[in-house]
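Content type compact mmCIF, C-alpha atoms, from the file final-v2.txt:
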# COMPACT_ATOMS: atom_id res chain seq x y z
CA MET E 22 6.44 86.72 34.66
CA THR E 23 3.25 85.79 36.49
CA VAL E 24 1.69 84.70 33.19
CA VAL E 25 4.75 82.59 32.39
CA TYR E 26 4.64 81.08 35.88
CA TRP E 27 1.02 80.00 35.61
CA LEU E 28 1.33 78.82 32.02
CA ALA E 29 4.39 76.68 32.79
CA ASN E 30 2.72 75.28 35.88
CA VAL E 31 -0.43 74.40 33.94
CA LEU E 32 1.64 72.60 31.28
CA LEU E 33 3.71 70.73 33.88
CA GLY E 34 0.64 69.85 35.92
CA GLY E 35 -1.17 68.49 32.88
CA GLY E 36 1.81 66.34 32.03
CA ALA E 37 2.07 65.10 35.60
CA LEU E 38 -1.62 64.23 35.74
CA LEU E 39 -1.46 62.27 32.48
CA THR E 40 1.62 60.48 33.78
CA LEU E 41 -0.29 59.60 36.93
CA VAL E 42 -3.09 58.17 34.77
CA ARG E 43 -0.57 55.87 33.11
CA LEU E 44 0.95 55.04 36.49
CA ALA E 45 -2.44 53.93 37.79
CA ARG E 46 -3.65 52.15 34.65
CA GLY E 47 -0.39 50.76 33.32
CA PRO E 48 -0.94 47.13 32.48
CA SER E 49 2.56 46.00 33.36
CA LEU E 50 5.26 46.87 35.83
CA LEU E 51 7.48 48.30 33.10
CA ASP E 52 4.82 50.82 32.09
CA ARG E 53 4.80 51.98 35.68
CA VAL E 54 8.58 52.21 35.70
CA VAL E 55 8.51 54.43 32.62
CA ALA E 56 5.70 56.52 34.11
CA THR E 57 7.55 56.95 37.42
CA ASP E 58 10.70 58.00 35.60
CA THR E 59 8.80 60.60 33.60
CA LEU E 60 6.97 61.80 36.70
CA LEU E 61 10.24 62.41 38.53
CA ILE E 62 11.58 64.32 35.55
CA ILE E 63 8.45 66.47 35.51
CA ILE E 64 8.87 67.10 39.25
CA ALA E 65 12.47 68.17 38.66
CA ALA E 66 11.33 70.42 35.84
CA GLY E 67 8.72 72.00 38.10
CA LEU E 68 11.29 72.65 40.80
CA ALA E 69 13.61 74.21 38.24
CA VAL E 70 10.83 76.40 36.87
CA HIS E 71 9.97 77.61 40.34
CA ALA E 72 13.61 78.24 41.22
CA THR E 73 14.11 80.11 37.98
CA LEU E 74 11.06 82.34 38.12
CA ALA E 75 11.46 83.12 41.83
CA ARG E 76 15.24 83.61 41.41
CA ASP E 77 15.74 81.24 44.31
CA PRO E 78 18.96 79.23 43.92
CA THR E 79 18.50 77.25 47.12
CA LEU E 80 16.32 74.73 45.27
CA VAL E 81 19.03 73.81 42.79
CA PRO E 82 20.75 71.04 44.83
CA VAL E 83 17.37 69.33 45.14
CA LEU E 84 17.39 69.00 41.34
CA VAL E 85 20.60 66.97 41.49
CA VAL E 86 19.07 64.64 44.07
CA VAL E 87 15.83 64.17 42.13
CA SER E 88 17.58 63.37 38.86
CA LEU E 89 19.88 60.90 40.66
CA LEU E 90 16.84 59.30 42.24
CA ALA E 91 15.07 58.87 38.91
CA PHE E 92 18.08 57.11 37.39
CA VAL E 93 18.72 54.82 40.35
CA GLY E 94 15.04 53.95 40.70
CA SER E 95 14.37 52.98 37.12
CA VAL E 96 17.63 51.05 36.74
CA SER E 97 17.16 49.09 39.96
CA VAL E 98 13.56 48.16 39.18
CA ALA E 99 14.57 47.10 35.65
CA ARG E 100 17.35 44.92 37.09
CA TYR E 101 14.86 43.48 39.56
CA ILE E 102 12.42 42.48 36.83
CA GLY E 103 15.29 41.07 34.78
CA GLY E 104 16.39 39.03 37.78
CA MET E 105 12.88 37.65 38.18
CA MET E 106 12.94 36.18 34.70
CA VAL E 107 13.11 32.43 34.40
CA HIS E 108 15.37 30.92 31.82
CA SER E 109 13.19 29.80 28.97
CA SER E 110 13.67 26.47 27.33
CA GLY E 111 12.61 27.80 23.95
CA SER E 112 14.26 30.38 21.78
CA GLY E 113 15.94 32.08 24.71
CA GLN E 114 14.45 35.47 23.90
CA ASP E 115 11.32 35.54 25.94
CA ALA E 116 11.27 34.26 29.43
CA GLY E 117 8.13 34.30 31.46
CA LEU E 118 7.82 34.97 35.13
CA PRO E 119 6.82 32.63 37.89
CA ASP E 120 3.04 32.48 38.16
CA ALA E 121 2.77 34.56 41.32
CA ALA E 122 4.96 37.31 39.89
CA GLU E 123 3.00 37.15 36.64
CA GLN E 124 -0.19 37.88 38.56
CA ARG E 125 1.49 40.58 40.58
CA THR E 126 2.83 42.45 37.60
CA GLY E 127 -0.30 42.15 35.52
CA GLY E 128 0.90 39.55 33.06
CA THR E 129 1.86 39.89 29.46
CA PRO E 130 -0.44 41.81 27.09
CA MET Y 25 19.56 93.35 27.90
CA GLY Y 26 17.67 92.29 30.98
CA VAL Y 27 14.36 92.17 29.16
CA VAL Y 28 15.83 90.15 26.28
CA ALA Y 29 17.41 87.66 28.69
CA ASP Y 30 14.13 87.29 30.54
CA VAL Y 31 12.21 86.67 27.33
CA VAL Y 32 14.72 84.02 26.21
CA ALA Y 33 14.60 82.34 29.63
CA ALA Y 34 10.79 82.35 29.68
CA THR Y 35 10.69 80.87 26.17
CA CYS Y 36 13.03 78.07 27.20
CA LEU Y 37 10.96 77.34 30.30
CA LEU Y 38 7.70 77.23 28.36
CA LEU Y 39 9.15 74.98 25.68
CA GLY Y 40 10.43 72.59 28.34
CA SER Y 41 7.06 72.55 30.07
CA LEU Y 42 5.36 71.89 26.75
CA LEU Y 43 7.63 68.88 26.26
CA CYS Y 44 6.56 67.59 29.69
CA LEU Y 45 2.91 67.87 28.60
CA THR Y 46 3.61 65.97 25.38
CA ALA Y 47 5.34 63.28 27.41
CA GLY Y 48 2.20 62.82 29.48
CA LEU Y 49 0.00 62.72 26.37
CA GLY Y 50 2.25 60.15 24.72
CA LEU Y 51 2.36 58.01 27.83
CA VAL Y 52 -1.42 57.83 27.88
CA ARG Y 53 -2.00 57.41 24.15
CA PHE Y 54 0.74 55.05 22.96
CA PRO Y 55 0.18 51.31 22.79
CA ASP Y 56 3.17 49.51 24.31
CA VAL Y 57 6.22 49.95 26.49
CA LEU Y 58 8.71 50.90 23.80
CA THR Y 59 6.52 53.60 22.25
CA ARG Y 60 5.67 54.92 25.70
CA MET Y 61 9.38 55.15 26.41
CA HIS Y 62 9.81 57.05 23.16
CA ALA Y 63 7.30 59.61 24.38
CA GLY Y 64 8.39 59.63 28.00
CA THR Y 65 12.04 60.35 27.31
CA LYS Y 66 11.41 63.57 25.41
CA PRO Y 67 11.54 65.78 28.54
CA GLN Y 68 14.27 63.61 29.98
CA VAL Y 69 16.89 65.15 27.70
CA LEU Y 70 15.54 68.08 25.68
CA GLY Y 71 13.05 69.33 28.24
CA ILE Y 72 15.55 69.27 31.09
CA LEU Y 73 18.19 70.89 28.89
CA LEU Y 74 15.85 73.72 27.90
CA ILE Y 75 14.74 74.33 31.47
CA MET Y 76 18.35 74.28 32.67
CA VAL Y 77 19.30 76.84 30.02
CA GLY Y 78 16.44 79.04 31.17
CA GLY Y 79 17.50 78.68 34.78
CA ALA Y 80 21.13 79.40 34.01
CA ILE Y 81 20.12 82.58 32.22
CA ARG Y 82 17.96 83.86 35.02
CA LEU Y 83 19.62 82.64 38.21
CA GLN Y 84 22.50 84.67 39.56
CA GLY Y 85 25.74 83.27 40.83
CA TRP Y 86 28.09 80.75 39.31
CA SER Y 87 27.35 77.98 41.81
CA ALA Y 88 23.78 77.66 40.58
CA THR Y 89 24.96 77.65 36.97
CA TRP Y 90 27.48 74.89 37.58
CA MET Y 91 24.96 72.82 39.45
CA LEU Y 92 22.41 73.17 36.64
CA LEU Y 93 25.15 72.12 34.20
CA LEU Y 94 25.82 69.11 36.42
CA VAL Y 95 22.15 68.11 36.27
CA ALA Y 96 22.10 68.49 32.48
CA VAL Y 97 25.27 66.42 31.98
CA PHE Y 98 24.00 63.79 34.37
CA GLN Y 99 20.70 63.51 32.53
CA THR Y 100 22.34 63.11 29.15
CA LEU Y 101 24.65 60.44 30.59
CA THR Y 102 22.04 58.40 32.44
CA ALA Y 103 18.99 58.60 30.16
CA PRO Y 104 20.43 56.13 27.59
CA ILE Y 105 21.45 53.68 30.31
CA SER Y 106 18.07 53.47 31.98
CA ALA Y 107 16.25 53.42 28.62
CA HIS Y 108 18.47 50.58 27.44
CA MET Y 109 17.84 48.48 30.53
CA VAL Y 110 14.08 49.03 30.59
CA SER Y 111 13.69 48.31 26.88
CA ARG Y 112 15.82 45.17 27.08
CA VAL Y 113 13.63 43.74 29.82
CA ALA Y 114 10.51 44.84 27.93
CA TYR Y 115 11.64 43.06 24.77
CA ARG Y 116 12.43 39.85 26.58
CA ARG Y 117 9.17 39.86 28.49
CA ARG Y 118 7.04 40.40 25.39
CA HIS Y 119 5.74 43.79 26.42
CA VAL Y 120 6.36 44.74 22.81
CA ARG Y 121 3.75 44.80 20.07
CA ARG Y 122 5.52 42.65 17.52
CA ASP Y 123 2.78 43.09 14.95
CA ARG Y 124 3.66 46.78 14.81
CA MET Y 125 7.36 46.24 14.24
CA VAL Y 126 8.87 46.90 10.86
CA VAL Y 127 12.24 45.32 11.62
CA ASP Y 128 12.94 43.01 14.53
CA GLU Y 129 16.71 42.74 14.49
CA LEU Y 130 16.88 41.01 17.84
CA GLY Y 131 14.62 38.19 16.70
CA VAL Y 132 16.44 36.94 13.62
CA ALA Y 133 18.62 34.23 15.11
CA PRO Y 134 16.91 32.00 17.64
CA ARG Y 135 19.30 30.51 20.11
CA SER Y 136 19.62 26.86 20.74
CA PRO Y 137 17.74 25.81 23.87
CA GLY Y 138 19.77 25.90 27.02
CA GLU Y 139 22.32 28.36 25.76
CA ALA Y 140 23.15 30.96 28.36
CA ARG Y 141 23.12 34.57 27.31
CA GLY Y 142 25.18 35.64 30.26
CA ASP Y 143 24.18 39.25 30.75
CA GLU Y 144 21.34 38.90 33.20
CA PRO Y 145 21.16 37.36 36.64
CA ALA Y 146 18.70 34.78 35.38
CA ASP Y 147 21.01 33.77 32.55
CA ALA Y 148 23.16 31.41 34.48
CA ALA Y 149 23.50 28.02 32.89
CA PRO Y 150 20.18 26.25 33.48
CA SER Y 151 20.01 23.51 36.00
CA ARG Y 152 18.83 20.28 34.45
CA GLY Y 153 15.19 19.41 35.01
CA SER Y 154 14.31 22.67 36.69
CA PRO Y 155 10.56 22.66 37.26
CA ARG Y 156 10.30 26.40 36.70
CA ALA Y 157 11.73 26.40 33.21
CA ARG Y 158 8.99 26.59 30.64
CA GLU Y 159 8.18 28.07 27.30
CA GLY Y 160 7.68 31.81 27.45
For the structure just supplied, provide its representation as structure tokens.
Amino acid sequence: MTVVYWLANVLLGGGALLTLVRLARGPSLLDRVVATDTLLIIIAAGLAVHATLARDPTLVPVLVVVSLLAFVGSVSVARYIGGMMVHSSGSGQDAGLPDAAEQRTGGTP
Amino acid sequence: MGVVADVVAATCLLLGSLLCLTAGLGLVRFPDVLTRMHAGTKPQVLGILLIMVGGAIRLQGWSATWMLLLVAVFQTLTAPISAHMVSRVAYRRRHVRRDRMVVDELGVAPRSPGEARGDEPADAAPSRGSPRAREG
């Protein structure tokens, strides 16, 4: 079980580090939202792996909280970006942001 | 019996962890928001389900099992909602590589200018002569 513990932790840690790379480099706010969502899922998975291998059921309610937090976070940030959009006068599909928000979120690729 | 259950649980845990690693790899390697979401939502459903199965096998007591089942059901319910909202905003804000699309079913019928879509806070009927309205 020690081998399984270390192997699972190495896999989860590698995934979390790569997610952090995307979180730091992500050119737009939505990339960071996706990266944060994935990072919280990986954190929940790590907690579950620890709880499982240590046979420690006290960590299980934390899993519920973390998965709730991931959902609420990504949905609220997506609604926030959608609320920042300006109505376009063109085709109605693509609306830009105000200039300040465009600089803050890194602009469009 | 105990050894077999432990081996099955360990296999589920390792498969779930491997899915988390592939999610990180895909997030770094893929080119735009939609493909990154494709990679990033692999552990959101299958990875969490596998790890929850492993935990339910190994943890003792029904309360832990029911709570793990609650997490699994909650993930499968909420993952499509958040993915839908993020991808809708990504499509409208042009964080999508349109040159890589095979079919763009949302882009076939351009709306007449000024028509409200009505499903976003910014979709209220436009005020006339608003200085912030411009071409995307």
Notebook entry, point to check: Near Leu90 of chain E, counting all atoms listed in the file, which residues have an atom at most 10 Å away, once you skip same-chain residues fewer than 4 positions from it, shown as a list in words?
Noted result: Asp58, Leu61, Ile62, Leu84, Val85, Val86, Gly94, Ser95 and Val96 of chain E
Notebook entry, point to check: Which residues, written as a PyMOL selection string, have at least one atom at most 6 Å from Gly36 of chain E, with all atoms listed in the file counted and residues fewer than 2 positions away on the same chain left out?
Noted result: (chain E and resi 33-34+38-39) or (chain Y and resi 44-45+48)
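The gap separating atom CA of Leu94 of chain Y from atom CA of Leu80 of chain E is 14.1 Å, in Å to one decimal.
Atom pair atom CA of Ser49 of chain E / atom CA of Ala114 of chain Y has a distance of 9.7 Å (rounded to one decimal).
Each of Y:Cys36, Y:Met91, Y:Leu70, Y:Met125 was compared to chain E using all atoms listed in the file, and Y:Met91 turns out to be the nearest.
The closest residue to Met61 of chain Y, picked from E:Val42, E:Trp27, E:Gly35, E:Ala56 and counting all atoms listed in the file, is E:Ala56.
Here atom CA of Ala33 of chain Y is placed at a distance of 6.1 Å from atom CA of Ile81 of chain Y.
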Near Val83 of chain E, within 12 Å and counting only C-alpha atoms, which residues show up once chain neighbours fewer than 2 positions away are dropped, as a ChimeraX atom specification? /E:61,64-69,72,78-81,85-90 /Y:88,91-92,95
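The neighbours of Gly50 of chain Y here are the residues that come within 10 Å of it, using only C-alpha atoms and leaving out any residue fewer than 2 positions away in the same chain; they are Gly36, Leu39, Thr40 and Arg43 of chain E; Cys44, Leu45, Thr46, Ala47, Gly48, Val52, Arg53, Phe54, Pro55, Thr59, Arg60, Met61, His62, Ala63, Gly64 and Lys66 of chain Y.
In this comparison, which uses all atoms listed in the file, the residue of Y:Leu74, Y:Asp123, Y:Thr100, Y:Ala34 approaching chain E most closely is Y:Ala34.
The shortest atom-to-atom distance to chain Y, with all atoms listed in the file taken into account, belongs to E:Ala29 out of E:His71, E:Thr23, E:Leu60, E:Ala29.
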Using only C-alpha atoms, the residue out of Y:Gln99, Y:Val31, Y:Gly79, Y:Tyr115 with shortest distance to Leu74 of chain E is Y:Gly79
Across E:Val24, E:Arg46, E:Ala75, E:Asp52, the smallest distance to chain Y, with only C-alpha atoms counted, is shown by E:Asp52
